[in-house]
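Colleague: my_file_36.cif is reproduced below (mmCIF, C-alpha atoms).
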data_my_file
#
loop_
_atom_site.label_atom_id
_atom_site.label_comp_id
_atom_site.auth_asym_id
_atom_site.auth_seq_id
_atom_site.Cartn_x
_atom_site.Cartn_y
_atom_site.Cartn_z
CA MET A 28 -38.07 1.52 -16.97
CA LYS A 29 -35.01 1.81 -14.71
CA THR A 30 -31.79 3.19 -16.22
CA GLY A 31 -29.85 -0.07 -15.82
CA LEU A 32 -32.60 -2.18 -17.37
CA ARG A 33 -33.07 0.29 -20.21
CA ALA A 34 -29.35 0.14 -21.01
CA LEU A 35 -29.40 -3.64 -20.93
CA VAL A 36 -32.38 -3.90 -23.28
CA LEU A 37 -30.79 -1.40 -25.66
CA ALA A 38 -27.51 -3.31 -25.59
CA LEU A 39 -29.20 -6.60 -26.40
CA LEU A 40 -31.19 -5.07 -29.28
CA LEU A 41 -28.17 -3.41 -30.86
CA VAL A 42 -26.03 -6.51 -30.49
CA ALA A 43 -28.73 -8.65 -32.07
CA VAL A 44 -29.00 -6.33 -35.07
CA PHE A 45 -25.51 -4.95 -35.59
CA GLY A 46 -23.09 -7.01 -33.49
CA PHE A 47 -20.75 -5.84 -30.73
CA ALA A 48 -18.58 -3.60 -32.90
CA ALA A 49 -21.49 -1.38 -33.94
CA MET A 50 -21.98 0.29 -30.57
CA ALA A 51 -20.07 1.93 -27.76
CA ALA A 52 -20.50 0.32 -24.38
CA GLU A 53 -22.98 2.06 -22.09
CA TYR A 54 -23.35 2.27 -18.34
CA VAL A 55 -25.86 -0.21 -16.96
CA GLY A 56 -25.79 0.74 -13.27
CA SER A 57 -24.69 -1.09 -10.13
CA GLU A 58 -28.07 -2.77 -9.67
CA THR A 59 -27.50 -4.60 -12.96
CA CYS A 60 -24.06 -5.73 -11.75
CA ARG A 61 -25.69 -6.91 -8.55
CA SER A 62 -27.83 -9.43 -10.40
CA CYS A 63 -24.75 -11.61 -11.06
CA HIS A 64 -22.27 -10.33 -8.48
CA SER A 65 -24.42 -10.11 -5.37
CA ASP A 66 -21.64 -10.95 -2.89
CA THR A 67 -19.26 -8.38 -4.35
CA TYR A 68 -22.07 -5.83 -4.45
CA ALA A 69 -22.79 -6.44 -0.76
CA ASP A 70 -19.10 -6.04 0.10
CA TRP A 71 -18.91 -2.83 -1.94
CA GLN A 72 -21.87 -1.35 -0.06
CA GLY A 73 -19.81 -1.60 3.11
CA THR A 74 -17.16 0.73 1.66
CA TRP A 75 -17.13 4.51 1.45
CA HIS A 76 -16.96 4.20 -2.33
CA SER A 77 -20.65 3.32 -2.26
CA LYS A 78 -21.83 6.19 -0.08
CA HIS A 79 -19.48 9.11 -0.41
CA VAL A 80 -22.25 11.14 -2.08
CA VAL A 81 -25.72 10.72 -0.60
CA LYS A 82 -29.18 12.21 -0.91
CA PRO A 83 -31.23 13.68 1.96
CA ASP A 84 -33.29 10.49 2.35
CA SER A 85 -30.21 8.27 2.74
CA GLY A 86 -29.98 8.53 6.51
CA LEU A 87 -26.30 9.42 6.08
CA PHE A 88 -26.44 13.15 6.68
CA TYR A 89 -24.16 13.56 9.70
CA GLY A 90 -24.41 17.30 10.36
CA ASP A 91 -26.52 18.56 13.25
CA PHE A 92 -28.84 20.91 11.39
CA ARG A 93 -30.28 22.22 14.66
CA THR A 94 -27.04 24.15 15.12
CA ASN A 95 -26.55 25.18 11.48
CA LYS A 96 -26.89 28.96 11.06
CA TRP A 97 -26.03 28.94 7.36
CA PHE A 98 -28.66 26.71 5.71
CA LYS A 99 -31.38 24.15 6.30
CA LYS A 100 -31.46 20.47 5.47
CA GLU A 101 -34.13 21.05 2.83
CA ASP A 102 -31.65 23.30 0.97
CA VAL A 103 -29.37 20.31 0.39
CA LYS A 104 -29.26 18.27 -2.83
CA TYR A 105 -26.31 16.01 -1.93
CA ALA A 106 -23.95 15.47 0.97
CA VAL A 107 -20.35 14.70 0.07
CA GLY A 108 -17.90 13.05 2.46
CA ASN A 109 -18.21 10.86 5.53
CA SER A 110 -18.81 10.97 9.26
CA ARG A 111 -15.48 12.74 9.87
CA LYS A 112 -16.12 15.58 7.43
CA GLN A 113 -19.16 16.20 5.24
CA TYR A 114 -19.87 18.93 2.69
CA TYR A 115 -23.28 19.90 1.33
CA VAL A 116 -24.36 20.70 -2.22
CA ALA A 117 -27.20 23.10 -3.05
CA LYS A 118 -29.85 22.61 -5.71
CA ASP A 119 -27.77 24.67 -8.18
CA ASN A 120 -24.77 22.31 -7.66
CA SER A 121 -22.75 24.85 -5.68
CA TYR A 122 -21.38 23.99 -2.27
CA LEU A 123 -23.30 25.46 0.64
CA PRO A 124 -21.25 27.80 2.89
CA ALA A 125 -20.42 25.43 5.78
CA TYR A 126 -19.29 21.83 6.28
CA TRP A 127 -19.76 19.44 9.18
CA ASP A 128 -16.63 18.58 11.18
CA GLY A 129 -17.61 15.26 12.72
CA GLU A 130 -14.50 14.94 14.86
CA ALA A 131 -15.06 18.36 16.44
CA GLY A 132 -18.84 17.99 16.41
CA LYS A 133 -19.49 21.42 14.90
CA TRP A 134 -20.16 23.36 11.71
CA VAL A 135 -17.24 25.16 10.07
CA GLU A 136 -17.66 28.00 7.59
CA LEU A 137 -16.51 27.13 4.08
CA LYS A 138 -14.52 30.15 2.98
CA LEU A 139 -14.35 29.47 -0.75
CA PRO A 140 -17.40 27.49 -1.88
CA SER A 141 -17.12 26.07 -5.40
CA LYS A 142 -19.34 24.21 -7.84
CA TRP A 143 -19.71 20.54 -6.96
CA ASP A 144 -20.02 19.38 -10.57
CA SER A 145 -16.85 21.12 -11.74
CA ALA A 146 -14.75 20.52 -8.62
CA CYS A 147 -15.65 17.07 -7.32
CA ALA A 148 -18.15 15.16 -9.44
CA LYS A 149 -15.47 13.64 -11.68
CA CYS A 150 -14.19 11.50 -8.79
CA HIS A 151 -17.40 11.08 -6.83
CA THR A 152 -19.72 9.85 -9.56
CA THR A 153 -19.65 7.16 -12.24
CA GLY A 154 -19.57 8.08 -15.93
CA PHE A 155 -19.23 11.83 -15.40
CA ASP A 156 -19.29 13.92 -18.59
CA ALA A 157 -17.45 17.20 -18.04
CA LYS A 158 -19.14 18.81 -21.08
CA THR A 159 -22.68 18.21 -19.88
CA ALA A 160 -22.00 17.85 -16.13
CA LYS A 161 -24.15 14.72 -16.23
CA PHE A 162 -23.27 11.29 -14.85
CA ALA A 163 -24.56 7.74 -14.90
CA GLU A 164 -24.69 7.14 -11.16
CA LEU A 165 -23.66 8.71 -7.87
CA ASN A 166 -20.60 7.36 -6.08
CA ILE A 167 -17.74 5.10 -7.13
CA THR A 168 -19.55 2.08 -8.48
CA CYS A 169 -18.48 -1.08 -10.32
CA GLU A 170 -18.33 0.75 -13.64
CA SER A 171 -16.09 3.51 -12.29
CA CYS A 172 -13.23 1.02 -12.30
CA HIS A 173 -14.41 -1.70 -14.71
CA GLY A 174 -15.84 0.62 -17.36
CA PRO A 175 -19.32 0.70 -18.95
CA GLY A 176 -20.85 -2.75 -18.62
CA SER A 177 -23.38 -3.12 -21.43
CA ASP A 178 -21.10 -5.25 -23.64
CA HIS A 179 -20.15 -7.44 -20.70
CA VAL A 180 -23.82 -7.97 -19.82
CA ALA A 181 -24.92 -8.54 -23.40
CA GLY A 182 -22.13 -11.08 -23.79
CA GLY A 183 -23.50 -13.14 -20.92
CA GLY A 184 -20.74 -12.06 -18.56
CA ASP A 185 -17.95 -12.23 -21.14
CA LYS A 186 -14.82 -11.28 -19.14
CA THR A 187 -13.11 -9.88 -22.23
CA LYS A 188 -15.82 -7.22 -22.44
CA ILE A 189 -15.04 -5.62 -19.10
CA LYS A 190 -11.95 -3.78 -17.89
CA LYS A 191 -9.69 -5.40 -15.29
CA ASP A 192 -6.52 -3.55 -14.42
CA LEU A 193 -3.96 -4.40 -11.74
CA THR A 194 -1.86 -1.29 -12.40
CA ASN A 195 -2.21 1.98 -10.52
CA ALA A 196 -3.88 3.70 -13.47
CA THR A 197 -7.49 3.18 -12.38
CA CYS A 198 -6.87 4.30 -8.80
CA ASN A 199 -4.78 7.24 -9.97
CA GLN A 200 -7.80 8.73 -11.70
CA CYS A 201 -8.83 9.97 -8.26
CA HIS A 202 -6.10 8.98 -5.82
CA GLY A 203 -2.53 10.20 -6.10
CA GLN A 204 -1.06 7.49 -3.89
CA GLY A 205 -0.38 5.19 -6.84
CA ALA A 206 2.04 7.74 -8.26
CA GLN A 207 3.73 7.86 -4.85
CA LEU A 208 4.15 4.07 -4.95
CA GLU A 209 5.93 4.36 -8.27
CA GLN A 210 8.30 7.01 -6.95
CA MET A 211 9.26 4.75 -4.05
CA GLY A 212 9.73 1.65 -6.17
CA HIS A 213 6.94 -0.62 -4.91
CA THR A 214 5.50 -0.60 -8.42
CA THR A 215 8.67 -0.31 -10.48
CA HIS A 216 11.01 -2.62 -8.56
CA PHE A 217 9.68 -5.72 -10.32
CA ALA A 218 10.72 -4.41 -13.74
CA ASN A 219 14.11 -3.31 -12.45
CA MET A 220 14.79 -6.68 -10.85
CA LEU A 221 13.91 -8.61 -14.00
CA ALA A 222 16.16 -6.36 -16.05
CA THR A 223 19.21 -6.40 -13.79
CA ASN A 224 19.28 -9.53 -11.62
CA ASP A 225 20.12 -12.98 -12.94
CA HIS A 226 19.50 -14.58 -9.54
CA TYR A 227 15.84 -13.52 -9.54
CA ASN A 228 13.74 -16.67 -9.08
CA ASP A 229 10.11 -17.75 -8.91
CA SER A 230 9.85 -17.36 -5.13
CA CYS A 231 10.66 -13.66 -5.38
CA MET A 232 7.49 -12.92 -7.33
CA SER A 233 5.16 -13.59 -4.41
CA CYS A 234 6.26 -10.21 -3.06
CA HIS A 235 7.11 -8.36 -6.25
CA SER A 236 4.50 -9.13 -8.93
CA ALA A 237 0.81 -8.26 -8.73
CA THR A 238 0.11 -10.62 -11.62
CA TYR A 239 1.72 -13.51 -9.76
CA ILE A 240 -0.06 -12.66 -6.50
CA PHE A 241 -3.52 -12.69 -8.09
CA ALA A 242 -2.94 -15.70 -10.33
CA PRO A 243 -4.74 -18.93 -9.25
CA LYS A 244 -2.68 -21.16 -6.94
CA ASP A 245 -2.48 -23.87 -9.58
CA ALA A 246 -1.49 -21.49 -12.38
CA LYS A 247 1.25 -19.28 -10.97
CA PRO A 248 3.56 -17.83 -13.65
CA THR A 249 7.33 -18.30 -13.59
CA VAL A 250 10.21 -15.92 -14.13
CA LYS A 251 10.58 -17.43 -17.59
CA ASP A 252 7.00 -16.42 -18.43
CA PHE A 253 7.87 -12.81 -17.61
CA LYS A 254 11.23 -12.81 -19.38
CA THR A 255 10.49 -14.61 -22.62
CA GLY A 256 6.97 -16.06 -22.40
CA ALA A 257 3.39 -14.84 -22.58
CA LEU A 258 3.99 -12.23 -19.86
CA LYS A 259 7.14 -10.71 -21.35
CA ASN A 260 5.46 -7.28 -21.48
CA ASP A 261 4.02 -7.51 -17.96
CA ARG A 262 5.99 -5.57 -15.37
CA THR A 263 3.21 -4.87 -12.89
CA GLY A 264 4.79 -4.66 -9.47
CA ILE A 265 3.20 -3.93 -6.10
CA THR A 266 0.28 -1.69 -6.91
CA CYS A 267 -2.65 -0.25 -4.95
CA VAL A 268 -4.83 -3.34 -5.30
CA VAL A 269 -2.20 -5.67 -3.86
CA CYS A 270 -2.61 -4.09 -0.44
CA HIS A 271 -6.10 -2.57 -0.76
CA ASP A 272 -9.28 -4.45 -1.69
CA PRO A 273 -11.31 -2.21 -4.05
CA HIS A 274 -14.50 -4.13 -3.25
CA LYS A 275 -14.39 -4.72 0.49
CA LYS A 276 -13.66 -3.06 3.81
CA ALA A 277 -12.37 -5.86 6.05
CA ASN A 278 -9.69 -3.64 7.63
CA GLU A 279 -8.97 0.06 7.90
CA ALA A 280 -8.41 1.84 4.57
CA GLN A 281 -9.87 -1.24 2.82
CA LEU A 282 -6.62 -3.14 3.37
CA ARG A 283 -6.73 -6.85 2.61
CA LYS A 284 -4.93 -7.53 5.91
CA ASP A 285 -4.39 -5.43 9.02
CA PRO A 286 -1.81 -2.65 8.52
CA GLN A 287 1.11 -4.37 10.25
CA GLU A 288 0.55 -7.72 8.54
CA THR A 289 0.24 -5.92 5.21
CA CYS A 290 3.83 -4.71 5.55
CA VAL A 291 5.55 -7.64 7.25
CA GLN A 292 4.07 -10.31 4.99
CA CYS A 293 6.83 -9.29 2.56
CA HIS A 294 9.30 -7.40 4.72
CA THR A 295 10.45 -10.56 6.47
CA SER A 296 13.08 -13.27 6.22
CA GLY A 297 10.66 -15.87 7.45
CA GLY A 298 12.22 -16.13 10.91
CA GLN A 299 15.69 -16.95 12.17
CA VAL A 300 18.19 -18.04 9.51
CA ALA A 301 21.06 -20.47 9.89
CA ALA A 302 24.45 -19.20 11.00
CA GLY A 303 26.50 -18.06 8.02
CA LYS A 304 23.43 -17.22 5.93
CA ASP A 305 22.28 -13.78 4.76
CA PRO A 306 18.84 -12.70 6.03
CA HIS A 307 16.62 -10.99 3.48
CA HIS A 308 14.13 -8.18 4.21
CA GLY A 309 14.45 -8.70 7.96
CA GLN A 310 12.34 -5.78 9.16
CA LYS A 311 9.75 -8.02 10.84
CA GLU A 312 12.37 -10.01 12.71
CA ILE A 313 14.28 -6.91 13.84
CA PHE A 314 11.04 -5.36 15.09
CA GLU A 315 9.89 -8.49 16.90
CA GLY A 316 13.38 -9.17 18.27
CA ASN A 317 13.51 -12.98 18.28
CA ILE A 318 16.69 -13.41 16.25
CA GLY A 319 20.46 -13.49 16.54
CA PHE A 320 23.09 -15.70 18.11
CA GLY A 321 23.99 -15.02 21.72
CA VAL A 322 21.20 -12.46 21.97
CA ALA A 323 18.19 -12.71 24.28
CA ALA A 324 14.75 -11.98 22.83
CA THR A 325 14.43 -8.19 22.64
CA PRO A 326 11.16 -6.98 21.09
CA SER A 327 10.96 -3.34 20.07
CA ALA A 328 10.11 -1.28 23.13
CA LYS A 329 7.57 0.81 21.26
CA THR A 330 4.10 -0.17 20.10
CA ALA A 331 4.39 1.76 16.84
CA ARG A 332 3.50 -0.04 13.62
CA CYS A 333 5.34 0.25 10.32
CA VAL A 334 2.69 2.65 8.98
CA ASP A 335 2.98 4.99 11.97
CA CYS A 336 6.47 6.01 10.91
CA HIS A 337 6.59 5.18 7.20
CA MET A 338 3.15 6.55 6.35
CA ALA A 339 2.84 9.53 8.68
CA ASN A 340 -0.12 11.68 7.60
CA GLY A 341 -1.17 8.83 5.32
CA ASN A 342 1.52 9.45 2.70
CA HIS A 343 2.41 6.56 0.38
CA PHE A 344 5.98 7.67 -0.26
CA PHE A 345 6.98 5.53 2.76
CA LYS A 346 9.53 8.18 3.63
CA VAL A 347 10.08 8.65 7.33
CA GLY A 348 9.98 12.15 8.82
CA THR A 349 12.90 12.03 11.26
CA PRO A 350 11.63 14.11 12.75
CA GLU A 351 10.29 16.31 9.97
CA LEU A 352 9.97 15.95 6.21
CA LYS A 353 8.28 18.05 3.53
CA LEU A 354 6.50 16.21 0.71
CA THR A 355 4.29 17.22 -2.19
CA GLU A 356 0.96 15.40 -2.08
CA HIS A 357 -2.00 16.13 -4.39
CA GLY A 358 -0.15 19.23 -5.60
CA LYS A 359 0.26 20.63 -2.08
CA GLU A 360 3.27 20.68 0.19
CA ILE A 361 2.74 18.74 3.41
CA THR A 362 4.96 18.31 6.46
CA VAL A 363 5.16 14.86 8.04
CA ASN A 364 6.68 14.03 11.40
CA SER A 365 7.06 10.36 12.22
CA CYS A 366 8.38 10.88 15.73
CA SER A 367 6.23 13.49 17.46
CA LYS A 368 3.28 11.19 18.13
CA CYS A 369 5.36 9.13 20.57
CA HIS A 370 8.44 11.25 21.31
CA SER A 371 8.40 14.82 22.59
CA ASN A 372 12.15 15.37 22.34
CA MET A 373 13.30 13.45 19.28
CA THR A 374 15.60 15.36 16.94
CA ALA A 375 17.26 14.62 13.63
CA GLU A 376 20.62 14.86 15.41
CA ARG A 377 19.73 12.10 17.89
CA ILE A 378 18.58 9.80 15.09
CA LYS A 379 21.69 10.53 13.05
CA ASP A 380 23.88 9.82 16.08
CA ILE A 381 22.33 6.35 16.54
CA GLN A 382 22.61 5.51 12.86
CA THR A 383 26.21 6.74 12.62
CA LYS A 384 27.24 4.59 15.59
CA VAL A 385 25.58 1.54 14.01
CA GLN A 386 27.10 2.21 10.57
CA THR A 387 30.59 2.65 12.07
CA GLN A 388 30.41 -0.58 14.07
CA VAL A 389 28.98 -2.55 11.13
CA LYS A 390 31.79 -1.31 8.87
CA THR A 391 34.42 -2.31 11.46
CA LEU A 392 32.85 -5.73 11.98
CA ARG A 393 32.67 -6.34 8.22
CA GLY A 394 36.41 -5.70 7.98
CA ARG A 395 37.10 -8.11 10.83
CA LEU A 396 34.80 -10.72 9.28
CA ASP A 397 36.75 -10.53 6.01
CA ALA A 398 40.02 -10.96 7.88
CA VAL A 399 38.78 -13.96 9.88
CA LYS A 400 37.36 -15.54 6.72
CA ALA A 401 40.75 -15.27 4.98
CA LYS A 402 42.50 -16.87 7.96
CA LEU A 403 39.92 -19.65 8.07
CA GLU A 404 40.49 -20.49 4.42
CA ALA A 405 44.27 -20.54 4.96
CA ALA A 406 43.89 -22.75 8.06
CA LYS A 407 41.64 -25.18 6.16
CA LYS A 408 44.23 -25.53 3.42
CA SER A 409 46.85 -26.37 6.02
CA GLY A 410 44.62 -29.13 7.38
CA LYS A 411 43.78 -27.48 10.69
CA ASP A 412 40.44 -28.31 12.34
CA VAL A 413 38.63 -24.95 12.36
CA ALA A 414 35.02 -26.11 12.84
CA ALA A 415 34.58 -24.29 16.17
CA ILE A 416 36.18 -21.11 14.85
CA GLU A 417 34.08 -21.26 11.69
CA GLN A 418 30.89 -21.53 13.77
CA LEU A 419 31.84 -18.37 15.67
CA TYR A 420 32.52 -16.62 12.34
CA LYS A 421 29.18 -17.71 10.91
CA GLU A 422 27.21 -16.56 13.95
CA ALA A 423 28.94 -13.17 13.90
CA TYR A 424 28.38 -12.90 10.14
CA THR A 425 24.63 -13.52 10.41
CA ASN A 426 24.23 -11.19 13.41
CA VAL A 427 25.70 -8.38 11.33
CA GLY A 428 23.62 -9.49 8.35
CA TRP A 429 20.42 -9.00 10.34
CA ILE A 430 21.29 -5.35 10.85
CA ASP A 431 21.80 -4.79 7.12
CA ALA A 432 18.69 -6.77 6.19
CA GLY A 433 16.53 -5.02 8.78
CA LYS A 434 17.39 -1.57 7.42
CA GLY A 435 16.77 1.40 9.70
CA GLU A 436 20.36 1.27 10.96
CA GLY A 437 19.23 0.78 14.53
CA ILE A 438 16.01 2.78 14.51
CA HIS A 439 13.60 -0.16 14.10
CA ASN A 440 14.82 -1.70 17.35
CA THR A 441 17.79 0.11 18.87
CA ASP A 442 18.27 -2.18 21.88
CA LEU A 443 18.32 -5.34 19.74
CA VAL A 444 20.68 -3.90 17.14
CA PHE A 445 23.32 -2.96 19.72
CA LYS A 446 22.98 -6.41 21.31
CA LEU A 447 23.54 -7.99 17.88
CA LEU A 448 26.62 -5.82 17.40
CA LYS A 449 27.98 -6.76 20.84
CA ALA A 450 27.37 -10.48 20.30
CA ALA A 451 29.07 -10.32 16.88
CA ASP A 452 32.06 -8.50 18.39
CA GLU A 453 32.41 -11.12 21.17
CA ARG A 454 32.30 -14.02 18.70
CA LEU A 455 34.85 -12.44 16.42
CA ALA A 456 37.16 -11.73 19.36
CA ARG A 457 37.00 -15.41 20.36
CA ALA A 458 37.65 -16.47 16.76
CA GLU A 459 40.55 -14.04 16.32
CA ALA A 460 42.17 -15.36 19.51
CA GLN A 461 42.45 -18.80 17.90
CA PHE A 462 44.92 -17.71 15.22
#
Rewrite the structure from the file as structure tokens, please.
Modeller:
Amino acid sequence: MKTGLRALVLALLLVAVFGFAAMAAEYVGSETCRSCHSDTYADWQGTWHSKHVVKPDSGLFYGDFRTNKWFKKEDVKYAVGNSRKQYYVAKDNSYLPAYWDGEAGKWVELKLPSKWDSACAKCHTTGFDAKTAKFAELNITCESCHGPGSDHVAGGGDKTKIKKDLTNATCNQCHGQGAQLEQMGHTTHFANMLATNDHYNDSCMSCHSATYIFAPKDAKPTVKDFKTGALKNDRTGITCVVCHDPHKKANEAQLRKDPQETCVQCHTSGGQVAAGKDPHHGQKEIFEGNIGFGVAATPSAKTARCVDCHMANGNHFFKVGTPELKLTEHGKEITVNSCSKCHSNMTAERIKDIQTKVQTQVKTLRGRLDAVKAKLEAAKKSGKDVAAIEQLYKEAYTNVGWIDAGKGEGIHNTDLVFKLLKAADERLARAEAQF
């Protein structure tokens, strides 16, 4: 009898005799999950979670054993990794002394081989028991994230008998990127906004709350639900699963959308805004360059995506190395450089010079905007027709607002930002000349 079927039969017998509370849930295996969730199972098989650890008969051994001087294929119990880099485990669960570098197309000696079961099995198997070094199933299966499924199966698919977690906790068991998200505020910003901002409204949650994002379209929660209602203890912000699909690989890194769309679906103001209005999260518009008053369309000259600069080396801190930044990832110090891939001569001084010029001009323009606004209010009180002047003020105000909303202080699209500054200056000069 197969392991999954045996667990299911045992679960049904114990439930029939003693009830749910009399037993601890057991692992039933991914094949059992497949019987009801065939589409999800098929999607999962297309991910590396399903085949990160494989046996010799899998057809997924990538190393060229004809050129391996350290060991033979028949010495291998498991292969761990993927086509880019694959390690090999011996019959005694120790790593064999070389790994396959798929990108270089060669074997590389493994200087410090360790035991697979003590070093890696915890994150590459399901139901691993550190005391016995035994596990329920190879790879990251349904039950790695949803927990042992016997109660869920015995309950006829009872959703309360299976784990479902939108926080970073499940992913953090093996991936450290969730902790990085929390340091940068993607996860914690939702709680902070609810605690400090009275103007926070329902529309904000589509980019700040995982619970809202995954709720059915006809049952979306409201801010009131989170503040005083049934969700008053829910502060789940933007977590791993908002951007990444745990079950499916439709895009690179199992993203739900392509990398650029993943970022700009929230980092956007939704297009041009009316004169006099404040743009919000305008990174997409600054990058694409189709905004501003008195400014010709000026798309960013570079083909870089958000992730190329904000996630250099794959880090999830979203900190930009300009040009170099040291971060601690998985307990190791790494150096990221967001510029070197495209620029051979970029320095921190050049970046700082651009940003300082932008900051200085924005500060000056803000002062002039305040002065023009005060004169406009005085002129209105005196009965003067200031409609034309007010339009100039509003256009200048929003041009400057785009720079603040787009962040980057000129780096996201330097040409556009200086054009926005120039157009704002010209409009203010024309307005000032009217008083």
Colleague: Using the chain letters and numbers from the file, give me the residues hit by the PyMOL selection byres ((chain A and resi 71) around 10), as a list in words.
Modeller: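 That selection, the PyMOL selection byres ((chain A and resi 71) around 10), comes back as Ser65, Asp66, Thr67, Tyr68, Ala69, Asp70, Gln72, Gly73, Thr74, Trp75, His76, Ser77, Lys78, Ile167, Thr168, Cys169, Asp272, Pro273, His274, Lys275 and Lys276 of chain A.
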Colleague: Given the file above and the PyMOL selection byres ((chain A and resi 357-367) around 7), which residues are selected, and can you give them as a PDB file with C-alpha atoms, in the coordinates of the input?
Modeller:
ATOM      1  CA  GLY A 203      -2.530  10.200  -6.100  1.00  0.00           C
ATOM      2  CA  ASP A 335       2.980   4.990  11.970  1.00  0.00           C
ATOM      3  CA  CYS A 336       6.470   6.010  10.910  1.00  0.00           C
ATOM      4  CA  ALA A 339       2.840   9.530   8.680  1.00  0.00           C
ATOM      5  CA  ASN A 340      -0.120  11.680   7.600  1.00  0.00           C
ATOM      6  CA  VAL A 347      10.080   8.650   7.330  1.00  0.00           C
ATOM      7  CA  GLY A 348       9.980  12.150   8.820  1.00  0.00           C
ATOM      8  CA  THR A 349      12.900  12.030  11.260  1.00  0.00           C
ATOM      9  CA  PRO A 350      11.630  14.110  12.750  1.00  0.00           C
ATOM     10  CA  GLU A 351      10.290  16.310   9.970  1.00  0.00           C
ATOM     11  CA  LEU A 352       9.970  15.950   6.210  1.00  0.00           C
ATOM     12  CA  LYS A 353       8.280  18.050   3.530  1.00  0.00           C
ATOM     13  CA  LEU A 354       6.500  16.210   0.710  1.00  0.00           C
ATOM     14  CA  THR A 355       4.290  17.220  -2.190  1.00  0.00           C
ATOM     15  CA  GLU A 356       0.960  15.400  -2.080  1.00  0.00           C
ATOM     16  CA  LYS A 368       3.280  11.190  18.130  1.00  0.00           C
ATOM     17  CA  CYS A 369       5.360   9.130  20.570  1.00  0.00           C
ATOM     18  CA  HIS A 370       8.440  11.250  21.310  1.00  0.00           C
ATOM     19  CA  SER A 371       8.400  14.820  22.590  1.00  0.00           C
ATOM     20  CA  MET A 373      13.300  13.450  19.280  1.00  0.00           C
TER      21      MET A 373
END
Colleague: Which distance in Å separates CA of Lys188 (chain A) and CA of Tyr54 (chain A), to one decimal?
Modeller: 12.8 Å
Colleague: Return as a list in words the set of residues that the PyMOL selection byres ((chain A and resi 140) around 7) yields on the displayed structure.
Modeller: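 Applying the PyMOL selection byres ((chain A and resi 140) around 7) to the structure shown produces Tyr122, Leu123, Pro124, Leu137, Lys138, Leu139 and Ser141 of chain A.
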Colleague: Leaving out Glu459 (chain A) and any residue of its chain fewer than 4 positions from it, which residues lie within 12 Å of it when counting all atoms listed in the file, given as a list in words?
Modeller: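 Once the adjacent positions are removed, what remains is Arg395, Leu396, Asp397, Ala398, Val399, Lys400, Ala401, Lys402, Leu403, Val413, Ala415, Ile416, Glu417, Leu419, Tyr420, Ala423, Asp452, Glu453, Arg454 and Leu455 of chain A.
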Colleague: Write out as a list in words each polymer residue whose atoms come within 10 Å of Thr214 (chain A), counting all atoms listed in the file; drop sequence neighbours fewer than 3 positions from it.
Modeller: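 Those residues are Thr194, Asn195, Gly205, Ala206, Gln207, Leu208, Glu209, Gln210, Met211, Phe217, Ala218, Asn219, His235, Ser236, Ala237, Arg262, Thr263, Gly264, Ile265, Thr266 and Cys267 of chain A.
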